[in-house]
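Take a look at the structure below.
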Amino acid sequence: MGPLLDKFNRKVEYLRLSVTDRCDFRCVYCMSEDPCFLDKKQVLSLEELAQIAQAFTELGVSKIRLTGGEPLVRSDCDQLVAALTQLPNLRELSMTTNGSRLTKLAPSLKAAGLSRLNISLDTLDPQKFTALTRNGKLARVIAGIDAAKAAGFEKIKLNAVILKGQNDDEVIDLINFCRERSLNIAFIEEMPLGEISARASARHCSSDEVRAIIEQVYPLTLSSERTAGPARYYQMADSDCYIGFISPHSHNFCHECNRVRVTVEGQLLLCLGNENAVDLKAVLRAHPGDIAMLKQVISQAIWHKPQQHDFGGHEHNQILRFMNATGG
Ligand code: SAM
Ligand code: SF4
């Protein structure tokens, strides 16, 4: 069985696996101020997460990114990392984190075999940081980034969601921060997940607008660097930092999409911008330990991966999941 092909002949090689819907932050674009989190029994156990990862890697998936919610609020996250790094077909295990717990956890994650880290950082202004995350402390995240570097993580990438009137005046500061620390950075357009009423379209800042701000200071050249993902990467003449743009609104990348997501409830999401899902937790709990059955269900599901995402912004298209529940 495998490789995982869909009916548009796209090969799925990349899994984003959510390990929790919980988080110590409440970022304004990601979740509500007072979110309702899942009960423990609704959430995949460590063993179930490992079995899903095993099934995908046996079907040809070579890259897994752990995400959430905030993966590092889950207390057995380092055990999960250690278990997944034993999977023979896995080439890269990475994690997206808000960085708040890295001062404590970066060394053990490195020792457990985690290959790469993406760390989210939207602003370098402590007050704005606390406002955007509704409670986060900037100093902890910066200390976390430095701890990750000290632990030996290379090619750390920052993720920054840019919102007009909130942090669009900090694009150059964020780039300078990366230049000083030899980090890469990806600028992400806000995606309309969750309640649309909470989002003013006026704050939407397109990748082209962010790029124009950068080009006034640092002319960019398109790089051949690709990370098997939707980002397009650019470089400055005098730095080896890569600058990426993830543009779900303004640049359609669906035709080369090679990824799927599994939520912490075990829902296999075939596309971030569609509601279709297949319940892998139900399969796992009805047939415990049956990896062959799991593989069969996954293969059949992938065949039906939608051709493209649909963030139309119209009411009937609105994706009702918040990002923390989706697995960003
Ligand atoms: N808690 C971790 C973190 O913040 O890095 C991992 C999960 S978070 C959902 C993953 C990424 O999704 C973050 O970089 C975050 O900025 C991004 N994100 C969250 N909500 C988003 C939205 N509505 N549009 C675009 N990106 C979003
Ligand atoms: Fe938490 Fe990450 Fe969502 Fe922010 S973006 S609320 S850090 S899950």
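Residues in the structure tokens are named by chain (A, B, ... in the order shown) and by number from 1 within that chain; ligands are numbered from 1 in the order shown.
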* Which neighbours of A:Tyr14 fall inside 7 Å, counting only C-alpha atoms, when residues of the same chain fewer than 3 positions from it are skipped, and could you give them as a list in words? ->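 Near A:Tyr14, the qualifying residues are Val61, Ser62, Lys63, Ile64, Asn258, Arg259 and Val260 of chain A.
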* Considering only C-alpha atoms, return as a VMD selection string whatever protein or nucleic-acid residues lie within 8 Å of A:Leu158, sequence-local ones (same chain, fewer than 4 positions apart) excluded. => chain A and resid 118 to 121 183 to 186
Counting only C-alpha atoms, what are the residues of stretch 68-108 of chain A within 12 Å of stretch 26-30 of chain A, and for each of them which pair of atoms is the nearest and at what distance in Å, to one decimal? Sort the table by chain and rising number, as JSON lines.
```
{"residue": "A:Gly68", "atom": "CA", "partner": "A:Cys30", "partner_atom": "CA", "distance": 10.9}
{"residue": "A:Gly69", "atom": "CA", "partner": "A:Cys30", "partner_atom": "CA", "distance": 9.2}
{"residue": "A:Glu70", "atom": "CA", "partner": "A:Arg26", "partner_atom": "CA", "distance": 10.4}
{"residue": "A:Asn98", "atom": "CA", "partner": "A:Cys27", "partner_atom": "CA", "distance": 10.1}
```
Keeping only C-alpha atoms, write the selected residues as a PDB file, in the first residue's frame.
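Final output, saved to out.pdb:
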```pdb
ATOM      1  CA  GLY A  68      -1.700  22.391  18.196  1.00  0.00           C
ATOM      2  CA  GLY A  69      -2.814  24.391  20.177  1.00  0.00           C
ATOM      3  CA  GLU A  70       0.523  24.726  21.855  1.00  0.00           C
ATOM      4  CA  ASN A  98       4.770  29.674  20.526  1.00  0.00           C
TER       5      ASN A  98
END
```
* Residue with smallest distance to A:Ser206 - pool A:Asn135, A:Ser247, A:Ser108, A:Gln308, counting only C-alpha atoms -> A:Ser247
* To do: Check stretch 45-282 of chain A with DSSP on the backbone and list each residue it calls alpha helix (DSSP H), as a ChimeraX atom specification.
  => /A:46-58,77-84,102-112,126-133,138-150,171-181,207-215,280-282
* To do: With only C-alpha atoms and all ligand atoms counted, collect every polymer residue having an atom within 10 Å of ligand 2; state the result as number ranges by chain.
  => A: 20-33, 35, 67-71, 73, 96-100, 119-122, 132-136, 159-161, 322-328
Could you write those residues out with N, CA and C atoms, as a compact mmCIF listing (two decimals), in the first residue's frame?
```
# COMPACT_ATOMS: atom_id res chain seq x y z
N THR A 20 -2.59 18.79 20.82
CA THR A 20 -3.50 19.35 21.83
C THR A 20 -4.25 20.53 21.22
N ASP A 21 -5.42 20.82 21.75
CA ASP A 21 -6.11 22.06 21.34
C ASP A 21 -5.86 23.15 22.37
N ARG A 22 -5.16 22.81 23.45
CA ARG A 22 -4.96 23.77 24.54
C ARG A 22 -3.76 24.68 24.26
N CYS A 23 -3.75 25.80 24.94
CA CYS A 23 -2.64 26.73 24.75
C CYS A 23 -2.55 27.67 25.93
N ASP A 24 -1.35 28.14 26.19
CA ASP A 24 -1.17 29.13 27.26
C ASP A 24 -1.40 30.55 26.75
N PHE A 25 -1.50 30.75 25.42
CA PHE A 25 -1.83 32.06 24.85
C PHE A 25 -3.26 32.02 24.31
N ARG A 26 -3.75 33.19 23.94
CA ARG A 26 -5.09 33.31 23.34
C ARG A 26 -4.99 34.26 22.16
N CYS A 27 -4.12 33.97 21.19
CA CYS A 27 -3.89 34.91 20.09
C CYS A 27 -5.21 35.32 19.42
N VAL A 28 -5.33 36.61 19.13
CA VAL A 28 -6.62 37.15 18.68
C VAL A 28 -7.09 36.53 17.36
N TYR A 29 -6.13 36.12 16.50
CA TYR A 29 -6.53 35.57 15.20
C TYR A 29 -6.75 34.07 15.26
N CYS A 30 -6.47 33.46 16.41
CA CYS A 30 -6.47 31.99 16.49
C CYS A 30 -7.61 31.43 17.32
N MET A 31 -7.88 32.02 18.47
CA MET A 31 -8.94 31.45 19.31
C MET A 31 -9.70 32.55 20.03
N SER A 32 -10.81 32.17 20.61
CA SER A 32 -11.59 33.17 21.33
C SER A 32 -10.94 33.42 22.69
N GLU A 33 -11.41 34.44 23.36
CA GLU A 33 -10.82 34.81 24.64
C GLU A 33 -11.10 33.75 25.70
N PRO A 35 -11.96 30.12 25.36
CA PRO A 35 -12.23 28.95 24.54
C PRO A 35 -12.75 27.78 25.38
N THR A 67 1.94 20.06 16.08
CA THR A 67 1.40 21.40 16.27
C THR A 67 0.23 21.32 17.23
N GLY A 68 -0.57 22.38 17.27
CA GLY A 68 -1.70 22.39 18.20
C GLY A 68 -2.62 23.55 17.84
N GLY A 69 -3.16 24.12 18.81
CA GLY A 69 -2.81 24.39 20.18
C GLY A 69 -1.28 24.55 20.36
N GLU A 70 -0.90 24.63 21.58
CA GLU A 70 0.52 24.73 21.85
C GLU A 70 1.04 23.33 22.23
N PRO A 71 1.83 22.71 21.35
CA PRO A 71 2.24 21.32 21.62
C PRO A 71 2.94 21.16 22.96
N VAL A 73 2.38 22.46 25.81
CA VAL A 73 1.60 22.40 27.06
C VAL A 73 1.18 20.96 27.35
N THR A 96 5.82 23.22 15.53
CA THR A 96 5.50 24.66 15.57
C THR A 96 5.07 24.98 16.99
N THR A 97 5.72 25.97 17.58
CA THR A 97 5.47 26.30 18.98
C THR A 97 5.42 27.81 19.16
N ASN A 98 4.75 28.24 20.23
CA ASN A 98 4.77 29.67 20.53
C ASN A 98 6.02 30.06 21.31
N GLY A 99 6.84 29.10 21.65
CA GLY A 99 8.15 29.40 22.24
C GLY A 99 8.13 29.64 23.74
N SER A 100 6.95 29.69 24.35
CA SER A 100 6.90 30.12 25.76
C SER A 100 7.55 29.12 26.71
N ILE A 119 8.90 28.90 15.30
CA ILE A 119 8.47 29.61 16.50
C ILE A 119 7.67 30.84 16.08
N SER A 120 6.50 31.00 16.66
CA SER A 120 5.63 32.10 16.24
C SER A 120 5.97 33.37 17.00
N LEU A 121 6.13 34.46 16.26
CA LEU A 121 6.44 35.75 16.90
C LEU A 121 5.94 36.85 15.96
N ASP A 122 4.96 37.62 16.43
CA ASP A 122 4.34 38.61 15.55
C ASP A 122 4.80 40.04 15.83
N LEU A 132 -1.78 41.05 21.59
CA LEU A 132 -2.09 40.11 20.50
C LEU A 132 -2.30 38.69 21.01
N THR A 133 -1.56 38.32 22.06
CA THR A 133 -1.68 36.96 22.60
C THR A 133 -2.68 36.93 23.76
N ARG A 134 -3.17 38.05 24.12
CA ARG A 134 -4.10 38.32 25.23
C ARG A 134 -3.49 38.01 26.61
N ASN A 135 -2.30 37.44 26.68
CA ASN A 135 -1.69 37.23 28.01
C ASN A 135 -0.19 36.88 27.96
N GLY A 136 0.38 36.75 26.76
CA GLY A 136 1.76 36.24 26.67
C GLY A 136 2.80 37.28 27.09
N ASN A 159 7.42 32.43 12.53
CA ASN A 159 6.17 32.64 11.82
C ASN A 159 5.56 33.93 12.32
N ALA A 160 5.22 34.83 11.42
CA ALA A 160 4.60 36.09 11.85
C ALA A 160 3.33 36.33 11.05
N VAL A 161 2.23 36.47 11.74
CA VAL A 161 0.97 36.87 11.09
C VAL A 161 0.93 38.39 11.15
N PHE A 322 -11.78 26.79 14.85
CA PHE A 322 -10.72 27.73 15.15
C PHE A 322 -9.38 27.06 14.85
N MET A 323 -8.34 27.88 14.67
CA MET A 323 -7.04 27.35 14.28
C MET A 323 -6.48 26.40 15.36
N ASN A 324 -6.68 26.73 16.63
CA ASN A 324 -6.11 25.86 17.67
C ASN A 324 -6.74 24.48 17.63
N ALA A 325 -8.02 24.40 17.19
CA ALA A 325 -8.68 23.10 17.11
C ALA A 325 -8.31 22.38 15.83
N THR A 326 -7.89 23.13 14.83
CA THR A 326 -7.54 22.56 13.53
C THR A 326 -6.15 21.95 13.57
N GLY A 327 -5.24 22.65 14.23
CA GLY A 327 -3.84 22.27 14.17
C GLY A 327 -3.20 23.12 13.12
N GLY A 328 -2.60 24.23 13.53
CA GLY A 328 -2.08 25.22 12.57
C GLY A 328 -0.77 24.80 11.96
```
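Of the residues under consideration (A:Arg140, A:Lys305, A:Arg65, A:Lys128), A:Arg65 shows the shortest atom-to-atom contact distance to ligand 1 when counting only C-alpha atoms and all ligand atoms.
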* Could you give me, as an NGL selection string, each residue of stretch 68-218 of chain A that DSSP assigns to strand (DSSP E or B) when run on this structure's backbone? => :A and (92-97 or 116-120 or 157-161 or 163 or 184-188 or 193 or 204)
* Asked: Which residues, written as a ChimeraX atom specification, have at least one atom at most 12 Å from A:Glu154, with only C-alpha atoms counted and residues fewer than 6 positions away on the same chain left out?
  -> /A:94,110,114-118,145-148,181-184,241
Those same residues, written as a CSV table (one decimal), in the first residue's frame with N, CA and C atoms?
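Writing the result to result04.csv gives the following:
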```
chain,number,residue,atom,x,y,z
A,94,SER,N,9.3,17.9,12.9
A,94,SER,CA,9.5,19.3,13.4
A,94,SER,C,8.3,19.6,14.2
A,110,LYS,N,15.6,18.5,21.8
A,110,LYS,CA,16.8,18.3,20.9
A,110,LYS,C,17.3,16.8,21.1
A,114,LEU,N,14.1,15.8,17.9
A,114,LEU,CA,13.3,16.7,17.1
A,114,LEU,C,14.3,17.4,16.1
A,115,SER,N,13.9,17.5,14.8
A,115,SER,CA,14.8,18.0,13.8
A,115,SER,C,14.7,19.6,13.7
A,116,ARG,N,13.5,20.1,13.7
A,116,ARG,CA,13.4,21.5,13.5
A,116,ARG,C,12.3,22.2,14.3
A,117,LEU,N,12.5,23.5,14.4
A,117,LEU,CA,11.4,24.3,15.2
A,117,LEU,C,11.0,25.5,14.3
A,118,ASN,N,9.7,25.7,14.3
A,118,ASN,CA,9.1,27.0,13.9
A,118,ASN,C,8.6,27.6,15.1
A,145,ILE,N,13.6,31.4,22.2
A,145,ILE,CA,14.2,31.4,20.9
A,145,ILE,C,15.7,31.2,21.1
A,146,ASP,N,16.3,32.0,22.0
A,146,ASP,CA,17.7,31.9,22.3
A,146,ASP,C,18.1,30.5,22.9
A,147,ALA,N,17.2,30.0,23.7
A,147,ALA,CA,17.4,28.7,24.3
A,147,ALA,C,17.4,27.6,23.2
A,148,ALA,N,16.6,27.7,22.2
A,148,ALA,CA,16.5,26.8,21.1
A,148,ALA,C,17.8,26.8,20.3
A,181,ARG,N,20.1,37.2,14.5
A,181,ARG,CA,20.2,35.8,15.1
A,181,ARG,C,20.3,34.7,14.1
A,182,SER,N,20.4,35.0,12.8
A,182,SER,CA,20.5,34.0,11.8
A,182,SER,C,19.2,33.1,11.8
A,183,LEU,N,18.1,33.7,11.8
A,183,LEU,CA,16.8,33.0,11.7
A,183,LEU,C,16.2,33.2,10.4
A,184,ASN,N,15.3,32.2,10.0
A,184,ASN,CA,14.5,32.5,8.8
A,184,ASN,C,13.1,33.0,9.3
A,241,CYS,N,19.6,34.8,5.6
A,241,CYS,CA,18.2,34.5,6.1
A,241,CYS,C,17.3,34.4,5.0
```
* Tell me, as an MDAnalysis selection string, which residues lie within 9 Å of A:Ile243, counting only C-alpha atoms; anything in the same chain fewer than 3 positions away does not count. => chainID A and resid 175 184:187 220 232:236
Atoms kept (C-alpha atoms) for selection, written as a PDB file, in the first residue's frame:
```pdb
ATOM      1  CA  ILE A 175      13.551  40.972   9.766  1.00  0.00           C
ATOM      2  CA  ASN A 184      14.487  32.487   8.805  1.00  0.00           C
ATOM      3  CA  ILE A 185      11.044  34.048   8.822  1.00  0.00           C
ATOM      4  CA  ALA A 186       7.696  33.390   7.139  1.00  0.00           C
ATOM      5  CA  PHE A 187       5.020  36.044   6.936  1.00  0.00           C
ATOM      6  CA  LEU A 220      14.590  40.620  -2.424  1.00  0.00           C
ATOM      7  CA  ARG A 232       7.682  31.046  -1.461  1.00  0.00           C
ATOM      8  CA  TYR A 233      11.125  32.088  -0.220  1.00  0.00           C
ATOM      9  CA  TYR A 234      13.220  35.156  -0.958  1.00  0.00           C
ATOM     10  CA  GLN A 235      16.669  36.326   0.067  1.00  0.00           C
ATOM     11  CA  MET A 236      18.384  39.630   0.785  1.00  0.00           C
TER      12      MET A 236
END
```
* Between atom CA of A:Ile246 and atom CA of A:Glu189, what is the spacing in Å? -> 6.4 Å
* Top pick for closest residue to ligand 1, considering A:Ile52, A:Arg16, A:Leu93, A:Ile213 and counting only C-alpha atoms and all ligand atoms ->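 The shortest atom-to-atom distance to ligand 1 comes from A:Arg16.
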* **Two-atom distance - atom CA of A:Met95, atom CA of A:Gln54 (Å)** =>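 Computing the Euclidean distance for atom CA of A:Met95 and atom CA of A:Gln54 yields 17.2 Å.
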* To do: Report the distance between atom CA of A:Glu170 and atom CA of A:Leu102 in Å, rounded to one decimal place.
  =>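 These atoms are spaced 23.7 Å apart.
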